[in-house]
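As structure tokens, the structure follows; a few thoughts come after it.
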Amino acid sequence: MNNFEIAPGEVLFVGAGPGDPELITVKGLKALQQAELVVYAGSLVNPELLDECVPACEVHDSAPLNLEQVLQILIAGAKGGKKVVRLHTGDPALYGAIQEQMEALDAARISYRVIPGVTATFAAAASLKQELTLPGVSQTLVLTRLAGRTPVPDSEALRNIARIGGSICLYLSVGMMDKLVTELLAGGVFTPQTPVAVVYRASWPDEKIVEGSLADIAELVADAGITRQALILVGEVLKARQQGVPEKSKLYDAGFAHGYRDKN
């Protein structure tokens with residue numbers, strides 16, 4: 001396995017994964033173990049990961065900080081020659097607000113890299129034991145959110161996304177379940193019978209799963225007391241665990257030849 005090292009004065013944006021500390025990548029773990037300064041998203045990142053840092057590592061929780069305060073710490077650390085890790089939840093490219101941080105590092109002429117992570121969508125699918133792309137059912141997965149304090153472009157309004165059908169995973173939206181259901185049904189493809197799964201804190205010890213349909217999921221989620229830190233998965237693929245896979249994949253079909261296998 002290749003040796004991985006952080007250069008002094010470099011910033012690494014690291015995806016911590018969805019919650020289970022063992023779901024960080026090998027490279028992300030190596031970065032934490034070498035870091036001399038870590039700024040982590042304290043409201044979402046599992047604090048057990050910080051046990052991997054060396055005792056002398058300087059650690060900052062970004063939850064109470066604004067962007068300028070985070071940047072001051074990152075830039076000062078890098079200019080001081082430290083090995084710096086910015087630890088984000090899930091994958092930093094998805095709702096991670098890293099572009100504005102990288103832009104500031106570019107302006108300060110500070111080198112940086114990004115180490116991807118496991119986003120919560122795939123942790124939720126793993127917990128559900130569910131494939132999200134099934135032949136004959138859905139070959140499309142959309143990751144999106146409802147508009148809240150952060151707006152969504154009009155062309156990406158959920159009712160427009162819902163016209164595609166397929167499989168949809170919604171972030172940052174569980175506190176608006178009634179609106180979410182209304183928007184999904186307005187697309188004209190999903191119906192009140194379309195299955196839905198809500199996964200609270202996927203991969204954490206207190207993970208909770210609520211399953212239903214668009215007809216009853218808002219009530220079920222309210223009864224479960226889930227108001228944040230949950231993903232909503234929507235689509236006909238969720239029926240496969242109860243009804244079976246309607247069409248087998250061509251990948252392992254005995255009558256399907258490809259570059260690595262002849263037709264039987």
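Residue numbering restarts at 1 for every chain of the structure tokens, chains are lettered A, B, ... in their displayed order, and ligands are numbered from 1 as they appear.
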Members of range 166-247 of chain A assigned alpha helix (DSSP H) by DSSP, as a list in words =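 DSSP-assigned alpha helix (DSSP H) residues in range 166-247 of chain A: Met177, Asp178, Lys179, Leu180, Val181, Thr182, Glu183, Leu184, Leu185, Ala186, Ile217, Ala218, Glu219, Leu220, Val221, Ala222, Asp223, Ala224, Ala240, Arg241, Gln242 and Gln243 of chain A.
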Atoms kept (N, CA and C atoms) for selection, written as a short mmCIF file (atom, residue, chain, number, x, y, z; two decimals), in the first residue's frame:
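Listed below is the output, again_27.cif:
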data_model
loop_
_atom_site.label_atom_id
_atom_site.label_comp_id
_atom_site.auth_asym_id
_atom_site.auth_seq_id
_atom_site.Cartn_x
_atom_site.Cartn_y
_atom_site.Cartn_z
N MET A 177 -41.68 17.29 6.43
CA MET A 177 -42.20 16.10 5.77
C MET A 177 -43.51 16.35 5.02
N ASP A 178 -44.40 17.14 5.57
CA ASP A 178 -45.67 17.39 4.87
C ASP A 178 -45.42 18.07 3.53
N LYS A 179 -44.56 19.08 3.53
CA LYS A 179 -44.23 19.77 2.28
C LYS A 179 -43.53 18.83 1.32
N LEU A 180 -42.64 18.00 1.84
CA LEU A 180 -41.89 17.05 1.02
C LEU A 180 -42.84 16.10 0.29
N VAL A 181 -43.80 15.55 1.01
CA VAL A 181 -44.76 14.63 0.40
C VAL A 181 -45.58 15.33 -0.67
N THR A 182 -46.03 16.54 -0.38
CA THR A 182 -46.81 17.30 -1.35
C THR A 182 -46.04 17.54 -2.63
N GLU A 183 -44.77 17.91 -2.48
CA GLU A 183 -43.93 18.19 -3.65
C GLU A 183 -43.66 16.92 -4.47
N LEU A 184 -43.40 15.82 -3.79
CA LEU A 184 -43.13 14.56 -4.50
C LEU A 184 -44.35 14.11 -5.29
N LEU A 185 -45.53 14.21 -4.70
CA LEU A 185 -46.75 13.80 -5.39
C LEU A 185 -47.09 14.75 -6.55
N ALA A 186 -46.70 16.00 -6.43
CA ALA A 186 -47.00 16.99 -7.47
C ALA A 186 -46.26 16.70 -8.77
N ILE A 217 -45.98 8.42 5.59
CA ILE A 217 -44.63 8.59 6.14
C ILE A 217 -44.51 9.83 7.02
N ALA A 218 -45.20 10.91 6.69
CA ALA A 218 -45.11 12.13 7.52
C ALA A 218 -45.60 11.86 8.93
N GLU A 219 -46.70 11.14 9.05
CA GLU A 219 -47.24 10.81 10.36
C GLU A 219 -46.32 9.86 11.12
N LEU A 220 -45.77 8.88 10.41
CA LEU A 220 -44.88 7.91 11.05
C LEU A 220 -43.61 8.58 11.57
N VAL A 221 -43.07 9.51 10.79
CA VAL A 221 -41.86 10.23 11.21
C VAL A 221 -42.15 11.12 12.41
N ALA A 222 -43.30 11.78 12.39
CA ALA A 222 -43.69 12.61 13.54
C ALA A 222 -43.84 11.76 14.79
N ASP A 223 -44.46 10.60 14.65
CA ASP A 223 -44.64 9.70 15.80
C ASP A 223 -43.30 9.21 16.34
N ALA A 224 -42.31 9.07 15.46
CA ALA A 224 -40.99 8.61 15.87
C ALA A 224 -40.14 9.73 16.47
N ALA A 240 -38.39 -3.97 -3.38
CA ALA A 240 -37.71 -5.19 -3.80
C ALA A 240 -37.51 -6.17 -2.65
N ARG A 241 -37.33 -5.65 -1.43
CA ARG A 241 -37.09 -6.55 -0.30
C ARG A 241 -38.33 -7.35 0.07
N GLN A 242 -39.50 -6.81 -0.27
CA GLN A 242 -40.74 -7.52 0.03
C GLN A 242 -41.25 -8.32 -1.18
N GLN A 243 -41.06 -7.78 -2.38
CA GLN A 243 -41.67 -8.37 -3.57
C GLN A 243 -40.69 -9.07 -4.49
#
Applying 8 Å and only C-alpha atoms, which residues near Val137 in chain A remain after dropping the ones on its own chain fewer than 4 positions away? List them as a PDB file with C-alpha atoms, in the first residue's frame.
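So result-v7.pdb came out as:
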ATOM      1  CA  THR A 133     -30.485   1.012  -8.922  1.00  0.00           C
ATOM      2  CA  GLY A 166     -36.287   6.813 -10.202  1.00  0.00           C
ATOM      3  CA  GLU A 236     -40.086   1.739  -6.165  1.00  0.00           C
ATOM      4  CA  VAL A 237     -36.717   0.062  -5.506  1.00  0.00           C
ATOM      5  CA  PRO A 246     -38.463  -7.955 -11.061  1.00  0.00           C
TER       6      PRO A 246
END
List every residue of range 99-141 of chain A that has an atom at most 12 Å from any atom of range 82-85 of chain A, giving for each one its closest atom pair and the distance in Å to one decimal, counting only C-alpha atoms, sorted by chain and then by ascending residue number, as a tab-separated table.
residue	atom	partner	partner_atom	distance
A:Ile110	CA	A:Val84	CA	11.0
A:Ser111	CA	A:Val84	CA	10.5
A:Tyr112	CA	A:Val84	CA	9.1
A:Arg113	CA	A:Val85	CA	9.7
A:Val114	CA	A:Val85	CA	9.8
A:Ile115	CA	A:Val85	CA	10.1
Please measure the separation of CA of Thr144 in chain A and CA of Val174 in chain A, giving the value in Å to one decimal.
->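 Separating CA of Thr144 in chain A from CA of Val174 in chain A is a distance of 12.2 Å.
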Dump as JSON lines the rows for residues of range 48-141 of chain A within 10 Å of range 191-205 of chain A: closest atom pair and distance in Å with one decimal, only C-alpha atoms counted, ordered by chain and rising residue number.
{"residue": "A:Thr119", "atom": "CA", "partner": "A:Ala202", "partner_atom": "CA", "distance": 9.8}
{"residue": "A:Ala120", "atom": "CA", "partner": "A:Ala202", "partner_atom": "CA", "distance": 6.4}
{"residue": "A:Thr121", "atom": "CA", "partner": "A:Ala202", "partner_atom": "CA", "distance": 8.4}
{"residue": "A:Phe122", "atom": "CA", "partner": "A:Ala202", "partner_atom": "CA", "distance": 9.0}
{"residue": "A:Ala123", "atom": "CA", "partner": "A:Ala202", "partner_atom": "CA", "distance": 5.8}
{"residue": "A:Ala124", "atom": "CA", "partner": "A:Ala202", "partner_atom": "CA", "distance": 5.3}
{"residue": "A:Ala125", "atom": "CA", "partner": "A:Ala202", "partner_atom": "CA", "distance": 9.0}
{"residue": "A:Ala126", "atom": "CA", "partner": "A:Ser203", "partner_atom": "CA", "distance": 8.7}
{"residue": "A:Ser127", "atom": "CA", "partner": "A:Ala202", "partner_atom": "CA", "distance": 7.2}
{"residue": "A:Leu128", "atom": "CA", "partner": "A:Ala197", "partner_atom": "CA", "distance": 8.4}
Could you dump the residues just selected with N, CA and C atoms as a PDB file, in the first residue's frame?
ATOM      1  N   THR A 119     -20.814   8.976   1.876  1.00  0.00           N
ATOM      2  CA  THR A 119     -21.941   9.833   2.201  1.00  0.00           C
ATOM      3  C   THR A 119     -23.074   9.016   2.825  1.00  0.00           C
ATOM      4  N   ALA A 120     -23.923   9.678   3.575  1.00  0.00           N
ATOM      5  CA  ALA A 120     -24.951   8.994   4.355  1.00  0.00           C
ATOM      6  C   ALA A 120     -25.958   8.240   3.495  1.00  0.00           C
ATOM      7  N   THR A 121     -26.132   8.638   2.235  1.00  0.00           N
ATOM      8  CA  THR A 121     -27.035   7.898   1.354  1.00  0.00           C
ATOM      9  C   THR A 121     -26.671   6.424   1.311  1.00  0.00           C
ATOM     10  N   PHE A 122     -25.386   6.153   1.179  1.00  0.00           N
ATOM     11  CA  PHE A 122     -24.954   4.771   1.006  1.00  0.00           C
ATOM     12  C   PHE A 122     -24.897   4.031   2.336  1.00  0.00           C
ATOM     13  N   ALA A 123     -24.693   4.762   3.420  1.00  0.00           N
ATOM     14  CA  ALA A 123     -24.819   4.137   4.735  1.00  0.00           C
ATOM     15  C   ALA A 123     -26.272   3.757   4.995  1.00  0.00           C
ATOM     16  N   ALA A 124     -27.196   4.625   4.586  1.00  0.00           N
ATOM     17  CA  ALA A 124     -28.619   4.330   4.757  1.00  0.00           C
ATOM     18  C   ALA A 124     -29.029   3.125   3.910  1.00  0.00           C
ATOM     19  N   ALA A 125     -28.563   3.075   2.661  1.00  0.00           N
ATOM     20  CA  ALA A 125     -28.876   1.936   1.796  1.00  0.00           C
ATOM     21  C   ALA A 125     -28.325   0.645   2.392  1.00  0.00           C
ATOM     22  N   ALA A 126     -27.126   0.724   2.979  1.00  0.00           N
ATOM     23  CA  ALA A 126     -26.537  -0.458   3.610  1.00  0.00           C
ATOM     24  C   ALA A 126     -27.370  -0.913   4.807  1.00  0.00           C
ATOM     25  N   SER A 127     -27.828   0.036   5.613  1.00  0.00           N
ATOM     26  CA  SER A 127     -28.651  -0.314   6.765  1.00  0.00           C
ATOM     27  C   SER A 127     -29.971  -0.949   6.331  1.00  0.00           C
ATOM     28  N   LEU A 128     -30.512  -0.456   5.215  1.00  0.00           N
ATOM     29  CA  LEU A 128     -31.760  -1.000   4.684  1.00  0.00           C
ATOM     30  C   LEU A 128     -31.549  -2.299   3.918  1.00  0.00           C
TER      31      LEU A 128
END
Quick one: residues within 9 Å of Val189 in chain A, only C-alpha atoms counted, chain neighbours fewer than 6 positions away excluded, as a PyMOL selection string?
-> chain A and resi 162-165
DSSP strand (DSSP E) residues within range 8-72 of chain A, listed as a PDB file with N, CA and C atoms, in the first residue's frame:
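Saved the output as part-v6.pdb:
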ATOM      1  N   VAL A  11      -3.369  21.747   3.646  1.00  0.00           N
ATOM      2  CA  VAL A  11      -4.680  21.501   4.240  1.00  0.00           C
ATOM      3  C   VAL A  11      -5.334  20.338   3.504  1.00  0.00           C
ATOM      4  N   LEU A  12      -5.845  19.381   4.257  1.00  0.00           N
ATOM      5  CA  LEU A  12      -6.586  18.275   3.673  1.00  0.00           C
ATOM      6  C   LEU A  12      -8.043  18.333   4.115  1.00  0.00           C
ATOM      7  N   PHE A  13      -8.933  18.383   3.153  1.00  0.00           N
ATOM      8  CA  PHE A  13     -10.359  18.253   3.429  1.00  0.00           C
ATOM      9  C   PHE A  13     -10.671  16.764   3.422  1.00  0.00           C
ATOM     10  N   VAL A  14     -11.136  16.257   4.547  1.00  0.00           N
ATOM     11  CA  VAL A  14     -11.322  14.818   4.717  1.00  0.00           C
ATOM     12  C   VAL A  14     -12.785  14.507   4.998  1.00  0.00           C
ATOM     13  N   GLY A  15     -13.322  13.546   4.268  1.00  0.00           N
ATOM     14  CA  GLY A  15     -14.665  13.059   4.543  1.00  0.00           C
ATOM     15  C   GLY A  15     -14.626  12.052   5.670  1.00  0.00           C
ATOM     16  N   LEU A  37      -3.102  19.854  13.291  1.00  0.00           N
ATOM     17  CA  LEU A  37      -4.233  20.749  13.567  1.00  0.00           C
ATOM     18  C   LEU A  37      -5.452  20.183  12.857  1.00  0.00           C
ATOM     19  N   VAL A  38      -6.556  20.032  13.588  1.00  0.00           N
ATOM     20  CA  VAL A  38      -7.793  19.511  13.014  1.00  0.00           C
ATOM     21  C   VAL A  38      -8.935  20.466  13.337  1.00  0.00           C
ATOM     22  N   VAL A  39      -9.685  20.831  12.316  1.00  0.00           N
ATOM     23  CA  VAL A  39     -10.936  21.569  12.492  1.00  0.00           C
ATOM     24  C   VAL A  39     -12.047  20.632  12.039  1.00  0.00           C
ATOM     25  N   TYR A  40     -12.939  20.248  12.955  1.00  0.00           N
ATOM     26  CA  TYR A  40     -13.941  19.234  12.639  1.00  0.00           C
ATOM     27  C   TYR A  40     -15.353  19.774  12.854  1.00  0.00           C
ATOM     28  N   GLU A  58      -3.673  20.002  17.757  1.00  0.00           N
ATOM     29  CA  GLU A  58      -4.568  21.108  18.105  1.00  0.00           C
ATOM     30  C   GLU A  58      -5.925  20.859  17.446  1.00  0.00           C
ATOM     31  N   VAL A  59      -6.995  20.821  18.234  1.00  0.00           N
ATOM     32  CA  VAL A  59      -8.313  20.437  17.719  1.00  0.00           C
ATOM     33  C   VAL A  59      -9.315  21.567  17.948  1.00  0.00           C
ATOM     34  N   HIS A  60     -10.084  21.882  16.902  1.00  0.00           N
ATOM     35  CA  HIS A  60     -11.112  22.930  16.986  1.00  0.00           C
ATOM     36  C   HIS A  60     -12.436  22.392  16.472  1.00  0.00           C
ATOM     37  N   ASP A  61     -13.499  22.643  17.202  1.00  0.00           N
ATOM     38  CA  ASP A  61     -14.857  22.306  16.784  1.00  0.00           C
ATOM     39  C   ASP A  61     -15.414  23.482  15.981  1.00  0.00           C
TER      40      ASP A  61
END
Between CA of Pro21 in chain A and CA of Glu48 in chain A - distance in Å to one decimal | 6.6 Å
Which one of A:Val70, A:Leu87, A:Ala76, A:Leu146 sits closest to Leu32 in chain A if you count only C-alpha atoms?
->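 Under the stated criterion, the closest residue is A:Leu87.
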Could you please determine the separation between CA of Arg228 in chain A and CA of Gly175 in chain A in Å, to one decimal place?
->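 One can read the CA of Arg228 in chain A to CA of Gly175 in chain A distance as 6.1 Å.
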Of the listed residues A:Gly81, A:Pro135, A:Gly90, A:Gly235, that which approaches Leu23 in chain A most closely, counting only C-alpha atoms | A:Gly90
Would you mind telling me which residue in A:Ile98, A:Leu141, A:Ile168, A:Val234 lies nearest to Glu211 in chain A when using only C-alpha atoms?
->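 Checking each of A:Ile98, A:Leu141, A:Ile168, A:Val234 against Glu211 in chain A, counting only C-alpha atoms, the winner is A:Val234.
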Just the residues within 8 Å of range 28-31 of chain A, please, counting only C-alpha atoms, with nothing from its chain fewer than 2 positions along; format it as a PyMOL selection string.
-> chain A and resi 4-6+12+14-16+24-26+33-35+52+85+115-117
Using the selection just defined, write its residues with C-alpha atoms as a PDB file, in the first residue's frame.
ATOM      1  CA  PHE A   4       0.612   8.644   2.372  1.00  0.00           C
ATOM      2  CA  GLU A   5       1.886  11.823   3.956  1.00  0.00           C
ATOM      3  CA  ILE A   6       0.553  15.306   4.548  1.00  0.00           C
ATOM      4  CA  LEU A  12      -6.586  18.275   3.673  1.00  0.00           C
ATOM      5  CA  VAL A  14     -11.322  14.818   4.717  1.00  0.00           C
ATOM      6  CA  GLY A  15     -14.665  13.059   4.543  1.00  0.00           C
ATOM      7  CA  ALA A  16     -15.307  11.464   7.935  1.00  0.00           C
ATOM      8  CA  ILE A  24     -13.718   6.650   7.266  1.00  0.00           C
ATOM      9  CA  THR A  25     -11.415   5.767   4.351  1.00  0.00           C
ATOM     10  CA  VAL A  26      -7.931   4.389   4.984  1.00  0.00           C
ATOM     11  CA  GLN A  33      -3.187  10.264  12.443  1.00  0.00           C
ATOM     12  CA  GLN A  34      -0.637  12.676  10.957  1.00  0.00           C
ATOM     13  CA  ALA A  35      -2.507  15.915  11.561  1.00  0.00           C
ATOM     14  CA  GLU A  52      -6.874   8.858  16.215  1.00  0.00           C
ATOM     15  CA  VAL A  85      -7.064  18.531   8.403  1.00  0.00           C
ATOM     16  CA  ILE A 115     -10.088  12.986   0.480  1.00  0.00           C
ATOM     17  CA  PRO A 116     -13.579  11.699  -0.295  1.00  0.00           C
ATOM     18  CA  GLY A 117     -15.788   9.961   2.227  1.00  0.00           C
TER      19      GLY A 117
END
Residues of range 112-150 of chain A that approach range 154-159 of chain A to 12 Å or less, counting only C-alpha atoms: could you list each one with the shortest pair of atoms and its distance in Å to one decimal, rows by chain and increasing residue number, as JSON lines?
{"residue": "A:Val142", "atom": "CA", "partner": "A:Leu158", "partner_atom": "CA", "distance": 10.6}
{"residue": "A:Leu143", "atom": "CA", "partner": "A:Leu158", "partner_atom": "CA", "distance": 10.8}
{"residue": "A:Thr144", "atom": "CA", "partner": "A:Leu158", "partner_atom": "CA", "distance": 8.0}
{"residue": "A:Arg145", "atom": "CA", "partner": "A:Leu158", "partner_atom": "CA", "distance": 7.6}
{"residue": "A:Leu146", "atom": "CA", "partner": "A:Leu158", "partner_atom": "CA", "distance": 6.5}
{"residue": "A:Ala147", "atom": "CA", "partner": "A:Ala157", "partner_atom": "CA", "distance": 7.8}
{"residue": "A:Gly148", "atom": "CA", "partner": "A:Ala157", "partner_atom": "CA", "distance": 11.5}
